[in-house]
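S.K.: Hey, dropping query.pdb in here, PDB, C-alpha atoms and all ligand atoms:
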```pdb
MODEL        1
ATOM      1  CA  MET N   1      41.611 117.004  69.374  1.00  0.00           C
ATOM      2  CA  ALA N   2      42.309 115.570  65.982  1.00  0.00           C
ATOM      3  CA  THR N   3      38.869 114.236  65.502  1.00  0.00           C
ATOM      4  CA  GLU N   4      36.705 117.140  64.565  1.00  0.00           C
ATOM      5  CA  LYS N   5      34.374 115.272  62.350  1.00  0.00           C
ATOM      6  CA  ARG N   6      30.717 115.970  62.575  1.00  0.00           C
ATOM      7  CA  ILE N   7      28.333 113.337  61.539  1.00  0.00           C
ATOM      8  CA  SER N   8      25.210 114.260  59.708  1.00  0.00           C
ATOM      9  CA  LEU N   9      21.749 113.219  60.708  1.00  0.00           C
ATOM     10  CA  VAL N  10      21.623 110.906  57.729  1.00  0.00           C
ATOM     11  CA  GLU N  11      24.894 109.351  58.750  1.00  0.00           C
ATOM     12  CA  CYS N  12      23.639 108.997  62.279  1.00  0.00           C
ATOM     13  CA  GLN N  13      20.567 107.206  61.007  1.00  0.00           C
ATOM     14  CA  GLU N  14      22.628 104.976  58.782  1.00  0.00           C
ATOM     15  CA  ARG N  15      24.866 103.988  61.639  1.00  0.00           C
ATOM     16  CA  PHE N  16      22.348 103.840  64.448  1.00  0.00           C
ATOM     17  CA  GLY N  17      19.045 103.386  62.698  1.00  0.00           C
ATOM     18  CA  THR N  18      18.179 100.010  64.199  1.00  0.00           C
ATOM     19  CA  GLU N  19      18.358  98.509  67.661  1.00  0.00           C
ATOM     20  CA  GLN N  20      20.724  95.925  66.266  1.00  0.00           C
ATOM     21  CA  GLN N  21      23.133  98.554  65.018  1.00  0.00           C
ATOM     22  CA  CYS N  22      23.037 100.382  68.319  1.00  0.00           C
ATOM     23  CA  ARG N  23      23.684  97.202  70.233  1.00  0.00           C
ATOM     24  CA  ASP N  24      26.492  96.131  67.929  1.00  0.00           C
ATOM     25  CA  TYR N  25      28.018  99.503  68.385  1.00  0.00           C
ATOM     26  CA  LEU N  26      27.810  99.343  72.160  1.00  0.00           C
ATOM     27  CA  LEU N  27      29.154  95.828  72.132  1.00  0.00           C
ATOM     28  CA  LYS N  28      32.202  96.930  70.162  1.00  0.00           C
ATOM     29  CA  LYS N  29      32.565  99.886  72.412  1.00  0.00           C
ATOM     30  CA  SER N  30      32.720  97.774  75.540  1.00  0.00           C
ATOM     31  CA  TRP N  31      34.745  94.974  74.024  1.00  0.00           C
ATOM     32  CA  PRO N  32      36.758  96.393  71.121  1.00  0.00           C
ATOM     33  CA  SER N  33      38.370  93.119  70.169  1.00  0.00           C
ATOM     34  CA  SER N  34      35.939  90.480  71.319  1.00  0.00           C
ATOM     35  CA  PHE N  35      33.505  89.870  74.101  1.00  0.00           C
ATOM     36  CA  VAL N  36      34.994  88.572  77.328  1.00  0.00           C
ATOM     37  CA  CYS N  37      32.663  87.297  80.009  1.00  0.00           C
ATOM     38  CA  PRO N  38      33.013  89.479  83.111  1.00  0.00           C
ATOM     39  CA  LYS N  39      32.381  86.444  85.267  1.00  0.00           C
ATOM     40  CA  CYS N  40      34.505  83.685  83.819  1.00  0.00           C
ATOM     41  CA  ALA N  41      36.497  85.389  81.054  1.00  0.00           C
ATOM     42  CA  ALA N  42      35.210  83.054  78.376  1.00  0.00           C
ATOM     43  CA  LYS N  43      34.873  84.506  74.914  1.00  0.00           C
ATOM     44  CA  GLN N  44      32.140  82.270  73.622  1.00  0.00           C
ATOM     45  CA  HIS N  45      28.853  84.082  73.705  1.00  0.00           C
ATOM     46  CA  CYS N  46      25.583  84.578  71.992  1.00  0.00           C
ATOM     47  CA  VAL N  47      23.302  87.558  71.772  1.00  0.00           C
ATOM     48  CA  LEU N  48      19.805  86.930  73.033  1.00  0.00           C
ATOM     49  CA  ALA N  49      16.650  88.263  71.482  1.00  0.00           C
ATOM     50  CA  ASN N  50      16.381  90.935  74.145  1.00  0.00           C
ATOM     51  CA  GLY N  51      19.863  92.168  73.353  1.00  0.00           C
ATOM     52  CA  MET N  52      21.565  90.658  76.360  1.00  0.00           C
ATOM     53  CA  ILE N  53      24.817  88.875  75.759  1.00  0.00           C
ATOM     54  CA  GLN N  54      24.966  85.452  77.262  1.00  0.00           C
ATOM     55  CA  CYS N  55      28.236  83.781  78.073  1.00  0.00           C
ATOM     56  CA  GLY N  56      28.568  80.451  76.302  1.00  0.00           C
ATOM     57  CA  THR N  57      30.335  78.921  79.254  1.00  0.00           C
ATOM     58  CA  CYS N  58      28.745  80.112  82.480  1.00  0.00           C
ATOM     59  CA  ARG N  59      25.588  81.584  80.962  1.00  0.00           C
ATOM     60  CA  HIS N  60      26.082  84.855  82.759  1.00  0.00           C
ATOM     61  CA  GLN N  61      24.151  87.605  81.035  1.00  0.00           C
ATOM     62  CA  THR N  62      25.593  91.013  80.365  1.00  0.00           C
ATOM     63  CA  SER N  63      23.887  94.056  78.965  1.00  0.00           C
ATOM     64  CA  VAL N  64      25.569  96.124  76.299  1.00  0.00           C
ATOM     65  CA  THR N  65      24.153  99.201  77.956  1.00  0.00           C
ATOM     66  CA  ALA N  66      25.798  98.475  81.301  1.00  0.00           C
ATOM     67  CA  GLY N  67      27.806 101.478  82.369  1.00  0.00           C
ATOM     68  CA  THR N  68      26.088 103.809  79.948  1.00  0.00           C
ATOM     69  CA  ILE N  69      23.317 106.306  80.497  1.00  0.00           C
ATOM     70  CA  MET N  70      21.047 103.941  78.614  1.00  0.00           C
ATOM     71  CA  HIS N  71      21.289 101.218  81.183  1.00  0.00           C
ATOM     72  CA  ARG N  72      17.980  99.723  82.216  1.00  0.00           C
ATOM     73  CA  THR N  73      15.732 101.974  80.240  1.00  0.00           C
ATOM     74  CA  HIS N  74      12.780 100.930  78.213  1.00  0.00           C
ATOM     75  CA  VAL N  75      13.450 103.613  75.655  1.00  0.00           C
ATOM     76  CA  PRO N  76      14.637 102.118  72.375  1.00  0.00           C
ATOM     77  CA  LEU N  77      18.341 102.582  71.812  1.00  0.00           C
ATOM     78  CA  THR N  78      17.674 104.191  68.477  1.00  0.00           C
ATOM     79  CA  LYS N  79      15.852 106.991  70.271  1.00  0.00           C
ATOM     80  CA  TRP N  80      18.663 107.428  72.724  1.00  0.00           C
ATOM     81  CA  PHE N  81      21.178 107.674  69.916  1.00  0.00           C
ATOM     82  CA  LEU N  82      19.031 110.148  68.100  1.00  0.00           C
ATOM     83  CA  ALA N  83      18.559 112.211  71.240  1.00  0.00           C
ATOM     84  CA  MET N  84      22.292 112.210  71.842  1.00  0.00           C
ATOM     85  CA  TYR N  85      22.826 113.227  68.309  1.00  0.00           C
ATOM     86  CA  PHE N  86      20.557 116.236  68.640  1.00  0.00           C
ATOM     87  CA  VAL N  87      22.022 117.260  71.949  1.00  0.00           C
ATOM     88  CA  SER N  88      25.517 116.999  70.535  1.00  0.00           C
ATOM     89  CA  GLN N  89      24.533 119.171  67.613  1.00  0.00           C
ATOM     90  CA  ASP N  90      23.206 121.991  69.683  1.00  0.00           C
ATOM     91  CA  LYS N  91      25.372 123.022  72.560  1.00  0.00           C
ATOM     92  CA  ARG N  92      22.866 125.554  73.748  1.00  0.00           C
ATOM     93  CA  GLY N  93      20.532 122.759  74.383  1.00  0.00           C
ATOM     94  CA  ILE N  94      17.470 121.219  72.951  1.00  0.00           C
ATOM     95  CA  SER N  95      14.444 121.344  75.222  1.00  0.00           C
ATOM     96  CA  ALA N  96      12.459 118.372  76.415  1.00  0.00           C
ATOM     97  CA  VAL N  97       9.492 119.671  74.443  1.00  0.00           C
ATOM     98  CA  GLN N  98      11.541 119.766  71.262  1.00  0.00           C
ATOM     99  CA  LEU N  99      13.030 116.384  71.930  1.00  0.00           C
ATOM    100  CA  LYS N 100       9.622 114.908  72.583  1.00  0.00           C
ATOM    101  CA  SER N 101       8.436 115.638  69.083  1.00  0.00           C
ATOM    102  CA  THR N 102      11.815 115.087  67.464  1.00  0.00           C
ATOM    103  CA  ILE N 103      12.291 111.520  68.607  1.00  0.00           C
ATOM    104  CA  GLY N 104       8.636 110.709  69.202  1.00  0.00           C
ATOM    105  CA  VAL N 105       8.386 109.939  72.890  1.00  0.00           C
ATOM    106  CA  THR N 106       6.304 111.266  75.737  1.00  0.00           C
ATOM    107  CA  TYR N 107       7.319 114.455  77.463  1.00  0.00           C
ATOM    108  CA  LYS N 108       8.240 112.502  80.554  1.00  0.00           C
ATOM    109  CA  THR N 109      10.534 110.222  78.595  1.00  0.00           C
ATOM    110  CA  ALA N 110      12.059 113.133  76.723  1.00  0.00           C
ATOM    111  CA  TRP N 111      12.716 114.873  79.991  1.00  0.00           C
ATOM    112  CA  TYR N 112      14.332 111.787  81.451  1.00  0.00           C
ATOM    113  CA  VAL N 113      16.486 111.130  78.410  1.00  0.00           C
ATOM    114  CA  LEU N 114      17.578 114.716  78.331  1.00  0.00           C
ATOM    115  CA  ALA N 115      18.379 114.726  82.022  1.00  0.00           C
ATOM    116  CA  ARG N 116      20.591 111.682  81.665  1.00  0.00           C
ATOM    117  CA  ILE N 117      22.366 113.099  78.642  1.00  0.00           C
ATOM    118  CA  ARG N 118      22.926 116.419  80.359  1.00  0.00           C
ATOM    119  CA  GLU N 119      24.256 114.589  83.346  1.00  0.00           C
ATOM    120  CA  ALA N 120      26.771 112.857  81.120  1.00  0.00           C
ATOM    121  CA  MET N 121      27.617 116.142  79.467  1.00  0.00           C
ATOM    122  CA  GLY N 122      28.102 117.800  82.807  1.00  0.00           C
ATOM    123  CA  GLN N 123      30.853 115.396  83.575  1.00  0.00           C
ATOM    124  CA  ARG N 124      32.895 116.926  80.848  1.00  0.00           C
ATOM    125  CA  ASP N 125      31.886 120.514  81.055  1.00  0.00           C
ATOM    126  CA  ASP N 126      35.484 121.552  80.786  1.00  0.00           C
ATOM    127  CA  THR N 127      35.720 120.630  77.158  1.00  0.00           C
ATOM    128  CA  HIS N 128      32.376 121.314  75.528  1.00  0.00           C
ATOM    129  CA  GLN N 129      33.583 119.191  72.706  1.00  0.00           C
ATOM    130  CA  LEU N 130      30.375 117.513  71.895  1.00  0.00           C
ATOM    131  CA  ASN N 131      30.358 117.795  68.188  1.00  0.00           C
ATOM    132  CA  GLY N 132      33.072 115.366  67.261  1.00  0.00           C
ATOM    133  CA  VAL N 133      32.448 111.724  66.843  1.00  0.00           C
ATOM    134  CA  VAL N 134      34.910 110.805  69.546  1.00  0.00           C
ATOM    135  CA  GLU N 135      33.300 113.143  71.997  1.00  0.00           C
ATOM    136  CA  PHE N 136      29.920 111.940  70.948  1.00  0.00           C
ATOM    137  CA  ASP N 137      31.088 108.451  71.775  1.00  0.00           C
ATOM    138  CA  ASP N 138      32.972 108.978  74.956  1.00  0.00           C
ATOM    139  CA  THR N 139      30.511 111.285  76.586  1.00  0.00           C
ATOM    140  CA  PHE N 140      27.452 109.241  76.120  1.00  0.00           C
ATOM    141  CA  PHE N 141      28.610 105.736  75.725  1.00  0.00           C
ATOM    142  CA  GLY N 142      31.383 105.764  78.234  1.00  0.00           C
ATOM    143  CA  GLY N 143      34.829 105.845  76.750  1.00  0.00           C
ATOM    144  CA  PRO N 144      37.167 102.926  76.996  1.00  0.00           C
ATOM    145  CA  THR N 145      38.322 102.656  80.551  1.00  0.00           C
ATOM    146  CA  VAL N 146      41.828 101.760  79.535  1.00  0.00           C
ATOM    147  CA  GLY N 147      43.950 103.340  76.854  1.00  0.00           C
ATOM    148  CA  LYS N 148      41.630 106.200  76.095  1.00  0.00           C
ATOM    149  CA  LYS N 149      41.075 107.392  72.586  1.00  0.00           C
ATOM    150  CA  ARG N 150      42.399 104.526  70.639  1.00  0.00           C
ATOM    151  CA  GLY N 151      41.932 104.912  66.926  1.00  0.00           C
ATOM    152  CA  ARG N 152      38.488 104.290  65.686  1.00  0.00           C
ATOM    153  CA  GLY N 153      38.454 100.777  64.420  1.00  0.00           C
ATOM    154  CA  THR N 154      36.081 100.810  61.549  1.00  0.00           C
ATOM    155  CA  GLU N 155      35.078  97.460  60.197  1.00  0.00           C
ATOM    156  CA  LYS N 156      37.165  96.294  57.361  1.00  0.00           C
TER
HETATM  157 ZN    ZN Z   1      31.053  83.322  81.645  1.00  0.00          ZN
ENDMDL
END
```
Let me see the structure of the file written as structure tokens.
Ligand SMILES: [Zn+2]
M.R.:
Amino acid sequence: MATEKRISLVECQERFGTEQQCRDYLLKKSWPSSFVCPKCAAKQHCVLANGMIQCGTCRHQTSVTAGTIMHRTHVPLTKWFLAMYFVSQDKRGISAVQLKSTIGVTYKTAWYVLARIREAMGQRDDTHQLNGVVEFDDTFFGGPTVGKKRGRGTEK
């Protein structure tokens, strides 16, 4: 409950304005300390051009969007983040038509994105806490599976 910090649109754009930023963010979210290969537990890895993380030992590839509502979509992550931002700002709900023009996608895509976000929101209907950064994170990006709500480790 302590985190009641809203982020502004500008801040959202500064933090999630590029695919790289979004991916870095998701990477940190899934592996707060460092990447660990789900197959062989090696830590060596590299990030491929398509954003997949490849294990340096067994070459297994992992997606940073695995386990999130963004998994396997062709929609740029920046648009997802933006859409989530807008949804989190307006609890009464942004419409697919509004979203379409706001993030610049087709109606079909907007509808899909919105449906996935709402689905994620529905899973925590009891709280309606979608305005805080923590909620923003946990709802849409899947919170840490262990030790929920650890302090936000900002880069230092
Ligand atoms: Zn591996």
S.K.: For ligand ZN 1 (chain Z), list the contacting residues at 7 Å or closer, counting all atoms listed in the file, as an MDAnalysis selection string.
M.R.: chainID N and resid 37:42 55:60
S.K.: Just the selected residues (C-alpha atoms), exported as a short mmCIF file (atom, residue, chain, number, x, y, z; two decimals), in the coordinates of the input, please.
M.R.:
```
data_model
loop_
_atom_site.label_atom_id
_atom_site.label_comp_id
_atom_site.auth_asym_id
_atom_site.auth_seq_id
_atom_site.Cartn_x
_atom_site.Cartn_y
_atom_site.Cartn_z
CA CYS N 37 32.66 87.30 80.01
CA PRO N 38 33.01 89.48 83.11
CA LYS N 39 32.38 86.44 85.27
CA CYS N 40 34.51 83.68 83.82
CA ALA N 41 36.50 85.39 81.05
CA ALA N 42 35.21 83.05 78.38
CA CYS N 55 28.24 83.78 78.07
CA GLY N 56 28.57 80.45 76.30
CA THR N 57 30.34 78.92 79.25
CA CYS N 58 28.74 80.11 82.48
CA ARG N 59 25.59 81.58 80.96
CA HIS N 60 26.08 84.86 82.76
#
```
S.K.: Counting only C-alpha atoms, which residues of region 37-97 of chain N sit at most 8 Å from some atom of region 103-110 of chain N, and what is each one's closest atom pair with its distance in Å to one decimal, listed by chain and rising residue number, as JSON lines?
M.R.:
```
{"residue": "N:Val75", "atom": "CA", "partner": "N:Thr109", "partner_atom": "CA", "distance": 7.8}
{"residue": "N:Lys79", "atom": "CA", "partner": "N:Ile103", "partner_atom": "CA", "distance": 6.0}
{"residue": "N:Leu82", "atom": "CA", "partner": "N:Ile103", "partner_atom": "CA", "distance": 6.9}
{"residue": "N:Ala83", "atom": "CA", "partner": "N:Ile103", "partner_atom": "CA", "distance": 6.8}
{"residue": "N:Ala96", "atom": "CA", "partner": "N:Ala110", "partner_atom": "CA", "distance": 5.3}
{"residue": "N:Val97", "atom": "CA", "partner": "N:Tyr107", "partner_atom": "CA", "distance": 6.4}
```
S.K.: Evaluating the PyMOL selection byres (((chain N and resi 76) around 12) and not hetatm) on the displayed file yields which residues, as a PyMOL selection string?
M.R.: chain N and resi 16-23+50-51+65+70-75+77-83+103-105+109+113
S.K.: One number please: CA of Gln89 (chain N) to CA of Tyr25 (chain N), in Å, one decimal.
M.R.: 20.0 Å
S.K.: Considering only C-alpha atoms, state which residue in the set N:Gln13, N:Ala49, N:Met84, N:Gln98 is at the smallest distance from Ile69 (chain N).
M.R.: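 For Ile69 (chain N), the nearest of the given residues is N:Met84.
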S.K.: Just give me the gap between CA of Met121 (chain N) and CA of Met52 (chain N) in Å, one decimal is fine.
M.R.: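 Spanning CA of Met121 (chain N) to CA of Met52 (chain N) is a straight-line distance of 26.4 Å.
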S.K.: Report, in Å to a single decimal, how far apart CA of Ala66 (chain N) and CA of Ser33 (chain N) are.
M.R.: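 Between CA of Ser33 (chain N) and CA of Ala66 (chain N) the gap works out to 17.6 Å.
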S.K.: Go through N:Lys100, N:Arg116, N:Phe35, N:Tyr85 one by one, measure the shortest atom-to-atom distance of each to Gln61 (chain N) using all atoms listed in the file, and give the residue with the smallest value.
M.R.: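 Among the listed residues, the smallest separation from Gln61 (chain N) belongs to N:Phe35.
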S.K.: Return the padded bounding box of region 98-117 of chain N as AutoDock Vina command-line options: axis-aligned, built from all atoms listed in the file, 4 Å added on each side, with centre and edge lengths in Å to one decimal.
M.R.:
```
--center_x 14.3 --center_y 114.9 --center_z 74.7 --size_x 24.1 --size_y 17.8 --size_z 22.6
```
S.K.: Using only C-alpha atoms, which residue out of N:Ile53, N:Lys43, N:Ser34, N:Phe86 lies closest to Leu9 (chain N)?
M.R.: N:Phe86
S.K.: Using all atoms listed in the file, pick whichever of N:Asp24, N:Lys29, N:Val47, N:Val87 has the shortest atom-to-atom distance to Ala120 (chain N).
M.R.: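 Between N:Asp24, N:Lys29, N:Val47, N:Val87, the residue approaching Ala120 (chain N) most closely is N:Val87.
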S.K.: Which of these, N:Tyr112, N:Gln44, N:Arg118, N:Cys12, has the shortest distance to Arg92 (chain N) once you count only C-alpha atoms?
M.R.: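 Residue with the minimum atom-to-atom distance to Arg92 (chain N): N:Arg118.
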